[in-house]
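Structure first, commentary second.
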Amino acid sequence: MSSILRSIQLRNSIWSSFPVRFLKQQAGLSTVELLDPRSCGKRHFTTQVQEHGKEVAAAATILVFDLETTGYFHKDHRIVEFALCDLSGGKNSTFETLVNPERTVPNYVEHLIKIGTDLVCRPGIPRFSDVIPLLLAFVRSRQAPGKPVLWVAHNAKQFDARFLAQEFDRCSAPLPADWLFFDTLLLAKKMVKAEGKKRRTSLEALREHYGIVSHDDAHRAMRDVMILSQVFQKMTFDLKVTNEELINEAMKASEFSKIS
């Protein structure tokens with residue numbers, strides 16, 4: 001069997017066997033096009049945000065993301081779930097999948113995130129090496145021409161960005177140079193300082209502060225993405241933060257990846 005045929009069968013298997021919402025059309029491309037990320041066309045999306053009552057075009061494609069893992073330290077653990085949402089909205093603006101960590105999920109982690117070994121360590125669940133080409137294709141399909149991609153996560157600096165970079169490094173895949181990472185924990189701390197109050201800056205605390213309703217108590221990736229998407233926009237509005245300021249305070253992919 002040729003390597004090309006094996007690659008096609010693998011990709012078709014990934015698409016058809018995802019146990020979570022992960023559609024072939026998410027990148028706006030056919031299955032055949034998705035097999036080769038270089039064939040992906042680009043669509044021009046700009047994010048609209050409110051600043052002093054005006055709508056201004058974003059300087060980057062803004063992707064809010066979250067991931068669940070087998071543990072806290074990126075050097076010792078692996079991703080088990082990944083989700084993102086493009087704040088520009090529209091059709092096919094989300095990406096979500098379980099990931100086979102190729103190791104046991106600790107019981108305490110399963111209790112917290114409701115993702116256990118039996119759910120992810122089985123046939124049909126993609127490894128992260130399988131996810132990378134599809135993720136790259138999706139991001140490129142949403143990226144504005146000539147603009148960077150701003151990845152936004154809560155505690156990105158110490159957790160999410162490090163785990164993502166670790167998985168790319170492990171798969172010998174460099175993070176794109178035009179990917180930037182912004183940690184919303186920075187905004188939360190600025191907001192608390194501006195208010196002169198002592199209160200928690202966790203995502204759940206921010207959700208409660210802004211009165212954002214969540215009908216799901218499970219600590220899952222897409223749930224947190226949807227909550228953070230609202231929290232992020234509310235905090236940037238309250239603090240009058242511009243997109244240019246977000247870009248200037250963002251961290252470069254090279255700060256996390258070992259592969260240049």
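Residues in the structure tokens are named by chain (A, B, ... in the order shown) and by number from 1 within that chain; ligands are numbered from 1 in the order shown.
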Residue contacts of His219 (chain A) (8 Å, only C-alpha atoms) excluding same-chain residues fewer than 6 positions away, as number ranges by chain:
A: 112-114
Residues from last step as file, C-alpha atoms, as a PDB file, in the first residue's frame:
```pdb
ATOM      1  CA  LEU A 112     -12.343  17.209  37.118  1.00  0.00           C
ATOM      2  CA  ILE A 113     -12.840  17.316  33.333  1.00  0.00           C
ATOM      3  CA  LYS A 114     -15.018  14.228  32.772  1.00  0.00           C
TER       4      LYS A 114
END
```
Mind checking which residues fall within 9 Å of Val213 (chain A), counting only C-alpha atoms, ignoring those fewer than 3 positions away in the same chain, and posting them as a VMD selection string?
chain A and resid 207 to 208 227
Can you write out as a tab-separated table which residues of region 141-212 of chain A fall within 12 Å of region 120-133 of chain A, alongside each residue's closest atom pair and its distance in Å to one decimal, counting only C-alpha atoms and ordering rows by chain and ascending residue number?
```
residue	atom	partner	partner_atom	distance
A:Phe163	CA	A:Phe128	CA	11.4
A:Leu164	CA	A:Phe128	CA	9.7
A:Ala165	CA	A:Ile132	CA	11.3
A:Gln166	CA	A:Phe128	CA	10.8
A:Glu167	CA	A:Phe128	CA	7.0
A:Phe168	CA	A:Ile132	CA	7.7
A:Asp169	CA	A:Ser129	CA	10.3
A:Arg170	CA	A:Ser129	CA	8.7
A:Cys171	CA	A:Ser129	CA	5.9
A:Ser172	CA	A:Ser129	CA	9.2
A:Ala173	CA	A:Ile132	CA	8.3
A:Pro174	CA	A:Ile132	CA	10.4
A:Leu175	CA	A:Ile132	CA	10.1
A:Pro176	CA	A:Ile132	CA	11.6
```
Using DSSP on the backbone coordinates, identify all residues within region 84-227 of chain A classified as strand (DSSP E or B); present the result as a ChimeraX atom specification.
/A:84-86,94-98,149-153,179-183
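Distances to Lys190 (chain A) were evaluated for A:Asp216, A:Glu68, A:Glu96, A:Asp238 using only C-alpha atoms, and the minimum falls at A:Asp238.
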Please identify all polymer residues within 8 Å of region 230-233 of chain A, counting only C-alpha atoms, omitting same-chain residues fewer than 4 positions from it, and present them as a PDB file with N, CA and C atoms, in the first residue's frame.
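Final file, around-v5.pdb:
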```pdb
ATOM      1  N   VAL A  49     -14.770  44.913  17.130  1.00  0.00           N
ATOM      2  CA  VAL A  49     -14.861  45.086  18.576  1.00  0.00           C
ATOM      3  C   VAL A  49     -15.348  46.496  18.866  1.00  0.00           C
ATOM      4  N   THR A 184      -5.183  36.404  28.908  1.00  0.00           N
ATOM      5  CA  THR A 184      -6.229  37.259  29.471  1.00  0.00           C
ATOM      6  C   THR A 184      -6.103  37.435  30.981  1.00  0.00           C
ATOM      7  N   LEU A 206     -14.402  35.368  36.921  1.00  0.00           N
ATOM      8  CA  LEU A 206     -14.736  36.395  35.927  1.00  0.00           C
ATOM      9  C   LEU A 206     -16.110  36.136  35.315  1.00  0.00           C
ATOM     10  N   ARG A 207     -16.428  34.867  35.114  1.00  0.00           N
ATOM     11  CA  ARG A 207     -17.759  34.513  34.587  1.00  0.00           C
ATOM     12  C   ARG A 207     -18.843  35.000  35.549  1.00  0.00           C
ATOM     13  N   TYR A 210     -19.216  38.907  35.591  1.00  0.00           N
ATOM     14  CA  TYR A 210     -19.937  39.467  34.452  1.00  0.00           C
ATOM     15  C   TYR A 210     -21.338  38.872  34.273  1.00  0.00           C
ATOM     16  N   ILE A 212     -22.260  35.859  33.464  1.00  0.00           N
ATOM     17  CA  ILE A 212     -22.371  34.972  32.302  1.00  0.00           C
ATOM     18  C   ILE A 212     -22.914  33.623  32.754  1.00  0.00           C
ATOM     19  N   MET A 226     -16.182  29.342  25.092  1.00  0.00           N
ATOM     20  CA  MET A 226     -17.367  30.182  24.943  1.00  0.00           C
ATOM     21  C   MET A 226     -17.459  31.220  26.067  1.00  0.00           C
ATOM     22  N   PHE A 237     -13.356  45.925  26.595  1.00  0.00           N
ATOM     23  CA  PHE A 237     -14.233  47.087  26.525  1.00  0.00           C
ATOM     24  C   PHE A 237     -14.121  47.923  27.802  1.00  0.00           C
TER      25      PHE A 237
END
```
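Residue nearest Leu98 (chain A), chosen from A:Ser202, A:Leu134, A:Ala221, A:Ala156 and counting only C-alpha atoms: A:Ala221.
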DSSP alpha helix (DSSP H) residues within region 108-222 of chain A, listed as a PyMOL selection string
chain A and resi 108-113+117-120+128-142+161-170+184-195+203-209+221-222
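Note that CA of Val241 (chain A) and CA of Leu187 (chain A) are 9.1 Å apart.
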So which residues touch region 69-79 of chain A within 7 Å, counting only C-alpha atoms, skipping near sequence neighbours fewer than 4 positions away, as JSON, numbers by chain?
{"A": [99, 101, 105, 106, 109, 162, 163, 166]}
CA of Met235 (chain A) sits from CA of Arg223 (chain A) at a separation of 18.4 Å
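For the set A:Lys193, A:Arg140, A:Lys198, A:His154, the residue with the smallest atom-to-atom gap to Leu67 (chain A) is A:His154, counting only C-alpha atoms.
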Glu255 (chain A) proximity check over A:Trp151, A:Met222, A:Ala161, A:Thr242, using only C-alpha atoms: winner is A:Ala161
Spatial neighbours of Thr61 (chain A), 6 Å, only C-alpha atoms, chain gap at least 6 places, as a ChimeraX atom specification
/A:143,149-150
